[in-house]
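A.B. asks: Dropping in start26.cif, with mmCIF, C-alpha atoms (C1' of nucleotides).
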data_structure
#
loop_
_atom_site.group_PDB
_atom_site.id
_atom_site.type_symbol
_atom_site.label_atom_id
_atom_site.label_comp_id
_atom_site.auth_asym_id
_atom_site.auth_seq_id
_atom_site.Cartn_x
_atom_site.Cartn_y
_atom_site.Cartn_z
ATOM 1 C CA MET N 1 11.404 2.026 1.948
ATOM 2 C CA LEU N 2 10.784 5.475 0.541
ATOM 3 C CA PHE N 3 7.562 3.901 -0.434
ATOM 4 C CA ASP N 4 6.727 3.307 3.186
ATOM 5 C CA VAL N 5 7.559 6.902 3.928
ATOM 6 C CA TRP N 6 5.065 7.845 1.315
ATOM 7 C CA LEU N 7 2.312 5.633 2.690
ATOM 8 C CA VAL N 8 2.886 6.723 6.261
ATOM 9 C CA SER N 9 2.875 10.380 5.408
ATOM 10 C CA ARG N 10 -0.208 10.163 3.214
ATOM 11 C CA ALA N 11 -2.065 8.409 5.994
ATOM 12 C CA THR N 12 -0.784 10.805 8.617
ATOM 13 C CA PHE N 13 -1.780 13.881 6.662
ATOM 14 C CA ALA N 14 -5.173 12.456 5.893
ATOM 15 C CA VAL N 15 -5.885 11.681 9.517
ATOM 16 C CA LEU N 16 -4.550 14.954 10.821
ATOM 17 C CA ASP N 17 -6.303 17.028 8.223
ATOM 18 C CA THR N 18 -9.647 15.570 9.190
ATOM 19 C CA ALA N 19 -8.865 15.741 12.890
ATOM 20 C CA LEU N 20 -7.818 19.375 12.680
ATOM 21 C CA ALA N 21 -10.549 20.429 10.282
ATOM 22 C CA PRO N 22 -12.802 21.930 12.980
ATOM 23 C CA SER N 23 -9.988 24.272 13.986
ATOM 24 C CA GLY N 24 -9.687 25.653 10.472
ATOM 25 C CA LEU N 25 -6.055 24.617 10.144
ATOM 26 C CA THR N 26 -4.566 21.940 7.924
ATOM 27 C CA ALA N 27 -1.796 19.649 9.102
ATOM 28 C CA ASP N 28 0.762 21.705 7.194
ATOM 29 C CA GLU N 29 -0.472 24.914 8.702
ATOM 30 C CA PHE N 30 -0.477 23.452 12.183
ATOM 31 C CA ALA N 31 3.139 22.433 11.727
ATOM 32 C CA ILE N 32 4.130 25.909 10.628
ATOM 33 C CA TYR N 33 2.311 27.523 13.504
ATOM 34 C CA SER N 34 4.089 25.102 15.805
ATOM 35 C CA VAL N 35 7.485 26.147 14.562
ATOM 36 C CA LEU N 36 6.579 29.767 14.946
ATOM 37 C CA THR N 37 5.495 29.270 18.532
ATOM 38 C CA SER N 38 8.686 27.523 19.496
ATOM 39 C CA THR N 39 11.130 29.823 17.739
ATOM 40 C CA ASP N 40 9.777 33.294 17.471
ATOM 41 C CA ALA N 41 11.027 35.445 14.646
ATOM 42 C CA MET N 42 11.844 33.327 11.633
ATOM 43 C CA THR N 43 12.235 34.698 8.136
ATOM 44 C CA PRO N 44 10.254 33.299 5.206
ATOM 45 C CA SER N 45 13.381 31.741 3.697
ATOM 46 C CA GLU N 46 14.345 29.987 6.883
ATOM 47 C CA LEU N 47 10.878 28.626 7.196
ATOM 48 C CA ALA N 48 10.822 27.486 3.587
ATOM 49 C CA ARG N 49 14.179 25.735 3.863
ATOM 50 C CA TRP N 50 13.151 24.183 7.099
ATOM 51 C CA MET N 51 10.017 22.606 5.710
ATOM 52 C CA ALA N 52 11.572 21.880 2.317
ATOM 53 C CA ALA N 53 9.045 23.959 0.425
ATOM 54 C CA PRO N 54 9.612 26.440 -2.379
ATOM 55 C CA LEU N 55 9.772 30.019 -1.276
ATOM 56 C CA THR N 56 6.814 30.848 -3.476
ATOM 57 C CA SER N 57 4.603 28.488 -1.558
ATOM 58 C CA MET N 58 5.805 30.038 1.650
ATOM 59 C CA SER N 59 4.826 33.419 0.290
ATOM 60 C CA SER N 60 1.298 32.203 -0.302
ATOM 61 C CA TYR N 61 1.088 30.726 3.174
ATOM 62 C CA ILE N 62 2.237 33.955 4.718
ATOM 63 C CA LYS N 63 -0.288 35.957 2.793
ATOM 64 C CA ARG N 64 -3.015 33.621 3.907
ATOM 65 C CA PHE N 65 -1.946 33.630 7.550
ATOM 66 C CA GLU N 66 -1.643 37.365 7.489
ATOM 67 C CA SER N 67 -5.114 37.809 6.067
ATOM 68 C CA ARG N 68 -6.400 35.654 8.912
ATOM 69 C CA GLY N 69 -4.706 37.977 11.326
ATOM 70 C CA HIS N 70 -2.607 35.121 12.689
ATOM 71 C CA ILE N 71 0.835 36.485 11.956
ATOM 72 C CA ILE N 72 2.499 39.839 11.548
ATOM 73 C CA ARG N 73 5.685 40.887 9.850
ATOM 74 C CA VAL N 74 8.281 42.664 11.866
ATOM 75 C CA ALA N 75 11.181 44.429 10.240
ATOM 76 C CA HIS N 76 14.411 42.516 9.991
ATOM 77 C CA PRO N 77 17.146 44.328 11.899
ATOM 78 C CA ASP N 78 19.987 43.568 9.479
ATOM 79 C CA ASP N 79 18.365 42.940 6.141
ATOM 80 C CA GLY N 80 15.981 45.326 4.447
ATOM 81 C CA ARG N 81 14.897 42.749 1.870
ATOM 82 C CA SER N 82 13.578 40.402 4.469
ATOM 83 C CA TYR N 83 11.386 40.443 7.558
ATOM 84 C CA ARG N 84 10.473 38.234 10.416
ATOM 85 C CA LEU N 85 7.289 36.419 11.243
ATOM 86 C CA GLN N 86 5.517 36.360 14.537
ATOM 87 C CA LEU N 87 2.283 34.796 15.611
ATOM 88 C CA THR N 88 -0.299 37.197 16.920
ATOM 89 C CA ALA N 89 -2.419 36.437 19.972
ATOM 90 C CA ALA N 90 -5.100 35.172 17.592
ATOM 91 C CA GLY N 91 -2.538 32.967 15.872
ATOM 92 C CA ARG N 92 -1.419 31.461 19.143
ATOM 93 C CA ALA N 93 -5.026 30.874 20.117
ATOM 94 C CA ALA N 94 -5.701 29.089 16.835
ATOM 95 C CA HIS N 95 -2.629 26.976 17.372
ATOM 96 C CA ARG N 96 -3.711 26.072 20.868
ATOM 97 C CA SER N 97 -7.186 25.038 19.830
ATOM 98 C CA ALA N 98 -5.767 22.968 16.975
ATOM 99 C CA GLY N 99 -3.378 21.428 19.485
ATOM 100 C CA LYS N 100 -6.322 20.175 21.486
ATOM 101 C CA LEU N 101 -7.524 18.288 18.427
ATOM 102 C CA PHE N 102 -4.044 17.080 17.643
ATOM 103 C CA GLN N 103 -3.361 15.595 21.042
ATOM 104 C CA PRO N 104 -5.769 12.650 20.903
ATOM 105 C CA VAL N 105 -4.417 11.527 17.562
ATOM 106 C CA LEU N 106 -0.878 11.613 18.851
ATOM 107 C CA GLU N 107 -1.885 9.693 21.943
ATOM 108 C CA HIS N 108 -3.668 7.101 19.899
ATOM 109 C CA VAL N 109 -0.573 6.573 17.790
ATOM 110 C CA GLU N 110 1.746 6.365 20.762
ATOM 111 C CA ARG N 111 -0.533 3.924 22.493
ATOM 112 C CA SER N 112 -0.729 1.761 19.368
ATOM 113 C CA LEU N 113 3.040 1.689 19.231
ATOM 114 C CA GLU N 114 3.113 0.100 22.663
ATOM 115 C CA GLY N 115 6.353 1.489 23.938
ATOM 116 C CA GLN N 116 8.054 1.417 20.583
ATOM 117 C CA ALA N 117 7.638 5.143 20.222
ATOM 118 C CA PRO N 118 11.253 5.972 21.128
ATOM 119 C CA THR N 119 12.553 3.492 18.563
ATOM 120 C CA VAL N 120 10.328 4.922 15.903
ATOM 121 C CA ARG N 121 11.306 8.448 16.794
ATOM 122 C CA ALA N 122 14.981 7.532 16.552
ATOM 123 C CA ALA N 123 14.413 5.868 13.211
ATOM 124 C CA LEU N 124 12.719 8.975 11.883
ATOM 125 C CA GLN N 125 15.648 11.042 13.046
ATOM 126 C CA SER N 126 18.148 8.856 11.228
ATOM 127 C CA LEU N 127 15.993 8.895 8.181
ATOM 128 C CA ARG N 128 15.764 12.628 8.263
ATOM 129 C CA ASN N 129 19.528 12.905 8.351
ATOM 130 C CA ALA N 130 19.832 10.435 5.526
ATOM 131 C CA ILE N 131 17.708 12.482 3.142
ATOM 132 C CA PRO N 132 19.980 14.637 1.014
ATOM 133 C CA LEU N 133 19.163 18.244 1.724
ATOM 134 C CA GLU N 134 19.504 19.333 -1.848
ATOM 135 C CA MET C 1 6.853 12.553 16.562
ATOM 136 C CA LEU C 2 4.152 13.202 13.986
ATOM 137 C CA PHE C 3 6.163 16.311 13.499
ATOM 138 C CA ASP C 4 9.145 14.249 12.441
ATOM 139 C CA VAL C 5 6.942 12.361 10.054
ATOM 140 C CA TRP C 6 6.032 15.659 8.563
ATOM 141 C CA LEU C 7 9.617 16.831 8.183
ATOM 142 C CA VAL C 8 10.816 13.552 6.755
ATOM 143 C CA SER C 9 8.037 13.391 4.238
ATOM 144 C CA ARG C 10 8.398 17.004 3.143
ATOM 145 C CA ALA C 11 12.100 16.458 2.586
ATOM 146 C CA THR C 12 11.541 13.156 0.840
ATOM 147 C CA PHE C 13 8.973 14.552 -1.521
ATOM 148 C CA ALA C 14 11.101 17.557 -2.299
ATOM 149 C CA VAL C 15 14.123 15.460 -3.127
ATOM 150 C CA LEU C 16 12.196 12.907 -5.128
ATOM 151 C CA ASP C 17 10.223 15.492 -7.043
ATOM 152 C CA THR C 18 13.399 17.172 -8.227
ATOM 153 C CA ALA C 19 15.119 13.860 -8.898
ATOM 154 C CA LEU C 20 12.207 12.564 -10.922
ATOM 155 C CA ALA C 21 11.482 15.822 -12.706
ATOM 156 C CA PRO C 22 13.300 14.854 -15.934
ATOM 157 C CA SER C 23 11.035 11.831 -16.267
ATOM 158 C CA GLY C 24 7.913 13.988 -16.151
ATOM 159 C CA LEU C 25 6.517 12.188 -13.117
ATOM 160 C CA THR C 26 6.111 13.528 -9.600
ATOM 161 C CA ALA C 27 6.858 11.448 -6.534
ATOM 162 C CA ASP C 28 3.143 10.819 -6.015
ATOM 163 C CA GLU C 29 2.670 9.739 -9.576
ATOM 164 C CA PHE C 30 5.669 7.453 -9.439
ATOM 165 C CA ALA C 31 4.228 5.786 -6.381
ATOM 166 C CA ILE C 32 0.907 5.208 -8.088
ATOM 167 C CA TYR C 33 2.540 3.821 -11.194
ATOM 168 C CA SER C 34 4.539 1.530 -8.932
ATOM 169 C CA VAL C 35 1.438 0.126 -7.341
ATOM 170 C CA LEU C 36 -0.125 -0.407 -10.700
ATOM 171 C CA THR C 37 2.890 -2.309 -11.991
ATOM 172 C CA SER C 38 2.949 -4.634 -9.030
ATOM 173 C CA THR C 39 -0.764 -5.365 -8.821
ATOM 174 C CA ASP C 40 -2.406 -5.088 -12.169
ATOM 175 C CA ALA C 41 -6.050 -4.200 -12.258
ATOM 176 C CA MET C 42 -6.979 -2.005 -9.334
ATOM 177 C CA THR C 43 -10.134 0.056 -9.158
ATOM 178 C CA PRO C 44 -10.043 3.797 -8.479
ATOM 179 C CA SER C 45 -11.541 3.322 -5.014
ATOM 180 C CA GLU C 46 -9.007 0.724 -4.001
ATOM 181 C CA LEU C 47 -6.227 2.960 -5.146
ATOM 182 C CA ALA C 48 -7.668 5.961 -3.319
ATOM 183 C CA ARG C 49 -8.104 4.042 -0.080
ATOM 184 C CA TRP C 50 -4.657 2.621 -0.410
ATOM 185 C CA MET C 51 -2.974 5.970 -0.725
ATOM 186 C CA ALA C 52 -5.336 7.694 1.693
ATOM 187 C CA ALA C 53 -6.498 10.221 -0.872
ATOM 188 C CA PRO C 54 -10.022 11.409 -1.621
ATOM 189 C CA LEU C 55 -11.661 9.678 -4.517
ATOM 190 C CA THR C 56 -12.019 13.007 -6.293
ATOM 191 C CA SER C 57 -8.283 13.464 -6.390
ATOM 192 C CA MET C 58 -7.924 9.972 -7.717
ATOM 193 C CA SER C 59 -10.362 10.858 -10.453
ATOM 194 C CA SER C 60 -8.170 13.779 -11.479
ATOM 195 C CA TYR C 61 -5.068 11.621 -11.467
ATOM 196 C CA ILE C 62 -6.717 9.046 -13.632
ATOM 197 C CA LYS C 63 -7.860 11.621 -16.120
ATOM 198 C CA ARG C 64 -4.348 13.000 -16.292
ATOM 199 C CA PHE C 65 -2.699 9.610 -16.668
ATOM 200 C CA GLU C 66 -5.210 8.647 -19.273
ATOM 201 C CA SER C 67 -4.587 11.776 -21.296
ATOM 202 C CA ARG C 68 -0.896 10.903 -21.242
ATOM 203 C CA GLY C 69 -1.724 7.516 -22.640
ATOM 204 C CA HIS C 70 -0.214 5.827 -19.622
ATOM 205 C CA ILE C 71 -3.210 3.936 -18.377
ATOM 206 C CA ILE C 72 -6.372 2.456 -19.790
ATOM 207 C CA ARG C 73 -9.651 1.511 -18.208
ATOM 208 C CA VAL C 74 -10.832 -2.016 -18.561
ATOM 209 C CA ALA C 75 -14.359 -2.994 -17.701
ATOM 210 C CA HIS C 76 -14.942 -4.434 -14.281
ATOM 211 C CA PRO C 77 -16.305 -7.956 -14.595
ATOM 212 C CA ASP C 78 -18.719 -7.768 -11.655
ATOM 213 C CA ASP C 79 -19.529 -4.112 -11.191
ATOM 214 C CA GLY C 80 -20.825 -1.867 -13.914
ATOM 215 C CA ARG C 81 -20.232 1.297 -11.910
ATOM 216 C CA SER C 82 -16.547 0.702 -11.639
ATOM 217 C CA TYR C 83 -13.614 -0.233 -13.841
ATOM 218 C CA ARG C 84 -10.043 -1.324 -13.510
ATOM 219 C CA LEU C 85 -6.850 0.455 -14.275
ATOM 220 C CA GLN C 86 -3.938 -0.899 -16.202
ATOM 221 C CA LEU C 87 -0.704 0.669 -17.258
ATOM 222 C CA THR C 88 -0.116 0.750 -20.971
ATOM 223 C CA ALA C 89 3.256 -0.046 -22.500
ATOM 224 C CA ALA C 90 3.981 3.696 -22.506
ATOM 225 C CA GLY C 91 3.027 3.870 -18.844
ATOM 226 C CA ARG C 92 5.344 1.056 -17.944
ATOM 227 C CA ALA C 93 8.129 2.690 -19.931
ATOM 228 C CA ALA C 94 7.610 5.971 -18.080
ATOM 229 C CA HIS C 95 7.694 4.121 -14.801
ATOM 230 C CA ARG C 96 10.893 2.368 -15.744
ATOM 231 C CA SER C 97 12.669 5.546 -16.751
ATOM 232 C CA ALA C 98 11.525 7.259 -13.551
ATOM 233 C CA GLY C 99 12.795 4.228 -11.675
ATOM 234 C CA LYS C 100 16.264 4.856 -13.057
ATOM 235 C CA LEU C 101 16.197 8.316 -11.509
ATOM 236 C CA PHE C 102 14.709 6.998 -8.302
ATOM 237 C CA GLN C 103 17.337 4.354 -7.714
ATOM 238 C CA PRO C 104 20.308 6.629 -6.913
ATOM 239 C CA VAL C 105 18.299 8.539 -4.324
ATOM 240 C CA LEU C 106 17.235 5.348 -2.624
ATOM 241 C CA GLU C 107 20.800 4.077 -2.639
ATOM 242 C CA HIS C 108 22.075 7.299 -1.187
ATOM 243 C CA VAL C 109 19.575 7.079 1.643
ATOM 244 C CA GLU C 110 20.314 3.439 2.365
ATOM 245 C CA ARG C 111 24.031 4.106 2.371
ATOM 246 C CA SER C 112 23.589 7.058 4.730
ATOM 247 C CA LEU C 113 21.657 4.830 7.083
ATOM 248 C CA GLU C 114 24.668 2.555 7.375
ATOM 249 C CA GLY C 115 22.951 -0.725 7.920
ATOM 250 C CA GLN C 116 20.129 0.727 9.921
ATOM 251 C CA ALA C 117 17.822 0.439 6.971
ATOM 252 C CA PRO C 118 16.027 -2.675 8.256
ATOM 253 C CA THR C 119 15.370 -1.016 11.610
ATOM 254 C CA VAL C 120 13.994 2.063 9.939
ATOM 255 C CA ARG C 121 11.844 0.010 7.643
ATOM 256 C CA ALA C 122 10.437 -1.895 10.590
ATOM 257 C CA ALA C 123 9.753 1.344 12.429
ATOM 258 C CA LEU C 124 7.870 2.706 9.446
ATOM 259 C CA GLN C 125 5.816 -0.458 9.321
ATOM 260 C CA SER C 126 4.816 -0.157 12.959
ATOM 261 C CA LEU C 127 4.023 3.463 12.471
ATOM 262 C CA ARG C 128 1.879 2.701 9.509
ATOM 263 C CA ASN C 129 -0.134 0.252 11.542
ATOM 264 C CA ALA C 130 -0.449 2.745 14.351
ATOM 265 C CA ILE C 131 -2.092 5.401 12.191
ATOM 266 C CA PRO C 132 -5.850 5.088 12.516
ATOM 267 C CA LEU C 133 -7.270 4.248 9.120
ATOM 268 C CA GLU C 134 -10.282 6.450 9.479
ATOM 269 C "C1'" DG L 1 32.056 54.452 -3.966
ATOM 270 C "C1'" DC L 2 30.178 52.011 -7.758
ATOM 271 C "C1'" DG L 3 29.074 48.485 -11.016
ATOM 272 C "C1'" DA L 4 28.201 43.518 -11.236
ATOM 273 C "C1'" DT L 5 26.331 39.668 -9.131
ATOM 274 C "C1'" DA L 6 23.779 37.327 -5.652
ATOM 275 C "C1'" DT L 7 19.967 36.936 -2.443
ATOM 276 C "C1'" DA L 8 15.081 37.825 -0.285
ATOM 277 C "C1'" DC L 9 10.916 38.310 -1.520
ATOM 278 C "C1'" DT L 10 6.417 39.083 -4.548
ATOM 279 C "C1'" DA L 11 2.930 39.104 -8.719
ATOM 280 C "C1'" DC L 12 0.960 36.466 -11.676
ATOM 281 C "C1'" DG L 13 -0.668 32.583 -13.920
ATOM 282 C "C1'" DA L 14 -0.947 27.455 -14.938
ATOM 283 C "C1'" DG L 15 -2.142 23.425 -13.180
ATOM 284 C "C1'" DA L 16 -3.224 20.405 -9.078
ATOM 285 C "C1'" DT L 17 -6.146 19.125 -5.166
ATOM 286 C "C1'" DC L 18 -10.410 18.173 -3.308
ATOM 287 C "C1'" DG L 19 -15.320 19.291 -1.427
ATOM 288 C "C1'" DC L 20 -20.058 19.378 -2.960
ATOM 289 C "C1'" DA L 21 -23.481 17.942 -5.719
ATOM 290 C "C1'" DG L 22 -24.856 14.940 -9.157
ATOM 291 C "C1'" DT L 23 -25.504 10.369 -12.034
ATOM 292 C "C1'" DA L 24 -25.503 5.479 -12.663
ATOM 293 C "C1'" DG L 25 -25.391 0.895 -11.232
ATOM 294 C "C1'" DC L 26 -25.751 -2.396 -7.251
ATOM 295 C "C1'" DG L 27 -28.173 -4.888 -3.376
ATOM 296 C "C1'" DT L 28 -31.734 -5.644 0.051
ATOM 297 C "C1'" DG L 29 -36.450 -5.974 1.863
ATOM 298 C "C1'" DC L 30 -40.722 -6.833 0.774
ATOM 299 C "C1'" DG H 1 -39.714 -7.124 -9.516
ATOM 300 C "C1'" DC H 2 -39.648 -2.711 -7.640
ATOM 301 C "C1'" DA H 3 -38.700 0.905 -4.297
ATOM 302 C "C1'" DC H 4 -35.224 2.218 -1.256
ATOM 303 C "C1'" DG H 5 -30.788 3.096 0.272
ATOM 304 C "C1'" DC H 6 -25.824 2.375 -0.693
ATOM 305 C "C1'" DT H 7 -21.650 2.617 -3.271
ATOM 306 C "C1'" DA H 8 -18.559 3.916 -7.473
ATOM 307 C "C1'" DC H 9 -17.486 7.383 -9.949
ATOM 308 C "C1'" DT H 10 -17.546 12.310 -12.389
ATOM 309 C "C1'" DG H 11 -18.333 17.620 -13.278
ATOM 310 C "C1'" DC H 12 -17.651 21.737 -11.547
ATOM 311 C "C1'" DG H 13 -15.781 25.262 -8.927
ATOM 312 C "C1'" DA H 14 -13.011 27.194 -4.967
ATOM 313 C "C1'" DT H 15 -8.692 27.206 -3.229
ATOM 314 C "C1'" DC H 16 -3.937 25.875 -2.961
ATOM 315 C "C1'" DT H 17 0.747 25.003 -4.867
ATOM 316 C "C1'" DC H 18 4.573 26.479 -7.177
ATOM 317 C "C1'" DG H 19 7.360 27.909 -11.533
ATOM 318 C "C1'" DT H 20 8.658 32.056 -14.185
ATOM 319 C "C1'" DA H 21 9.695 36.555 -14.208
ATOM 320 C "C1'" DG H 22 10.226 40.679 -11.830
ATOM 321 C "C1'" DT H 23 11.691 44.238 -7.985
ATOM 322 C "C1'" DA H 24 14.404 45.612 -4.090
ATOM 323 C "C1'" DT H 25 18.219 45.237 -1.169
ATOM 324 C "C1'" DA H 26 22.745 43.332 0.006
ATOM 325 C "C1'" DT H 27 27.530 42.070 -0.994
ATOM 326 C "C1'" DC H 28 31.740 41.638 -3.391
ATOM 327 C "C1'" DG H 29 35.543 43.175 -6.485
ATOM 328 C "C1'" DC H 30 37.965 46.862 -7.668
#
Can you turn what I pasted into structure tokens?
C.D. replies:
Amino acid sequence: MLFDVWLVSRATFAVLDTALAPSGLTADEFAIYSVLTSTDAMTPSELARWMAAPLTSMSSYIKRFESRGHIIRVAHPDDGRSYRLQLTAAGRAAHRSAGKLFQPVLEHVERSLEGQAPTVRAALQSLRNAIPLE
Amino acid sequence: MLFDVWLVSRATFAVLDTALAPSGLTADEFAIYSVLTSTDAMTPSELARWMAAPLTSMSSYIKRFESRGHIIRVAHPDDGRSYRLQLTAAGRAAHRSAGKLFQPVLEHVERSLEGQAPTVRAALQSLRNAIPLE
DNA sequence: GCGATATACTACGAGATCGCAGTAGCGTGC
DNA sequence: GCACGCTACTGCGATCTCGTAGTATATCGC
């Protein structure tokens, strides 16, 4: 079963990476931008925990995004060691244009599932809860 | 939904990578070794297509596995450009010892799913078929 | 209030991933 | 049977990922 997870995710990433390529974002990056649009002001640690990545990788991402001018750091009100991340207008624009490329892929998948989408979604949810969080 | 795929796979990889760490294999590598144990004699291209990875990455993997003494190349009977991959005894041993570390994680997940495992598996299958193969 | 310990992040470097360009063998049309 | 295009793979180099070690701030015990 975990095997199937592996296959599905490899295929998904491959497809999304090529679909999103023209926008200059990878699938991973698109996901991060998506989180940042929905919940503004996350800290690097929260983000790292959330996507199950090492904090060091997160650091690299942030540096990259920052150098693109897509995010800015804003001071954390309660913790001087940390800071919060916010998408800039340019970042939101990049996310939107990547979203336009993302949409057709999602639609294709949902159409191929022929109404099974809710079942699949539910299954993914259960699976997500079943993975030990470390 | 593709979002959930992303989250699930990130979490899965993270957990498996740490679980398998003592064996010296990553989750990706374990998966590849698993394929090679079940179907002996695959070519690099087949393997790459199967796991939706670029052939170049496959090339790197093979080099790495070879330098570990875990796989050998055997001549392809019909095609001089290609060759086939086979696990060596050492490779199979590595796979087996990684399998011992893999098992508890899988069991934990299945137990957490409380009988829903077949549903989830089926959902993953449908999803896999719904991803365009490029 | 102050030392000890824990937490949030970063610098750096090793190794992994993968795109581009190349080589070698295959297969087809003629 | 030979020129052409096609496919299988590799070398190299740019970039990404992430572990180790370090710095800065917070928190806890007293």
A.B. asks: To test your reading of the syntax: which residues would the PyMOL selection byres ((chain L) within 8 of (chain N)) return for the file shown? Reply as a PyMOL selection string.
C.D. replies: chain L and resi 8-10
A.B. asks: Using only C-alpha atoms (C1' of nucleotides), please write the residues we just selected to a file, as a tab-separated table (two decimals), keeping the file's coordinate frame.
C.D. replies:
chain	number	residue	atom	x	y	z
L	8	DA	C1'	15.08	37.83	-0.28
L	9	DC	C1'	10.92	38.31	-1.52
L	10	DT	C1'	6.42	39.08	-4.55
A.B. asks: Record the distance separating atom CA of C:Thr119 and atom CA of N:Ala14, expressed in Å with one decimal.
C.D. replies: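 Calculated distance between atom CA of C:Thr119 and atom CA of N:Ala14 is 25.2 Å.
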A.B. asks: Between C:Ile32, C:Ile131, C:Leu16, C:Ala21, which has the minimum distance to chain N (counting only C-alpha atoms)?
C.D. replies: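 Distance minimum relative to chain N lands on C:Ile131.
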A.B. asks: For N:Leu25, which residue among N:Arg10, N:Arg64, N:His76, N:Arg49 is the nearest when counting all atoms listed in the file?
C.D. replies: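 Among N:Arg10, N:Arg64, N:His76, N:Arg49, it is N:Arg64 that comes nearest to N:Leu25.
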A.B. asks: Can you spell out as a ChimeraX atom specification the set of residues that the PyMOL selection byres ((chain N) within 6 of (chain C)) selects in the structure I just provided?
C.D. replies: /N:8,10-11,52,109,112,120,123,128,130-131
A.B. asks: Can you spell out as a count of residues only the set of residues that the PyMOL selection byres ((chain H) within 7 of (chain N)) selects in the structure I just provided?
C.D. replies: 4
A.B. asks: Near C:Ser23, within 12 Å and counting only C-alpha atoms (C1' of nucleotides), which residues show up once chain neighbours fewer than 3 positions away are dropped, as a PDB file with C-alpha atoms, in the frame of the given file?
C.D. replies:
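Written output follows (result.pdb):
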ATOM      1  CA  LEU C  16      12.196  12.907  -5.128  1.00  0.00           C
ATOM      2  CA  ASP C  17      10.223  15.492  -7.043  1.00  0.00           C
ATOM      3  CA  THR C  18      13.399  17.172  -8.227  1.00  0.00           C
ATOM      4  CA  ALA C  19      15.119  13.860  -8.898  1.00  0.00           C
ATOM      5  CA  LEU C  20      12.207  12.564 -10.922  1.00  0.00           C
ATOM      6  CA  THR C  26       6.111  13.528  -9.600  1.00  0.00           C
ATOM      7  CA  ALA C  27       6.858  11.448  -6.534  1.00  0.00           C
ATOM      8  CA  GLU C  29       2.670   9.739  -9.576  1.00  0.00           C
ATOM      9  CA  PHE C  30       5.669   7.453  -9.439  1.00  0.00           C
ATOM     10  CA  GLY C  91       3.027   3.870 -18.844  1.00  0.00           C
ATOM     11  CA  ALA C  93       8.129   2.690 -19.931  1.00  0.00           C
ATOM     12  CA  ALA C  94       7.610   5.971 -18.080  1.00  0.00           C
ATOM     13  CA  HIS C  95       7.694   4.121 -14.801  1.00  0.00           C
ATOM     14  CA  ARG C  96      10.893   2.368 -15.744  1.00  0.00           C
ATOM     15  CA  SER C  97      12.669   5.546 -16.751  1.00  0.00           C
ATOM     16  CA  ALA C  98      11.525   7.259 -13.551  1.00  0.00           C
ATOM     17  CA  GLY C  99      12.795   4.228 -11.675  1.00  0.00           C
ATOM     18  CA  LYS C 100      16.264   4.856 -13.057  1.00  0.00           C
ATOM     19  CA  LEU C 101      16.197   8.316 -11.509  1.00  0.00           C
ATOM     20  CA  PHE C 102      14.709   6.998  -8.302  1.00  0.00           C
TER      21      PHE C 102
END
A.B. asks: Would you work out the distance separating atom CA of C:Gln86 from atom CA of C:Asp40, expressed in Å to one decimal?
C.D. replies: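 Rounded to one decimal, the two atoms are 6.0 Å apart.
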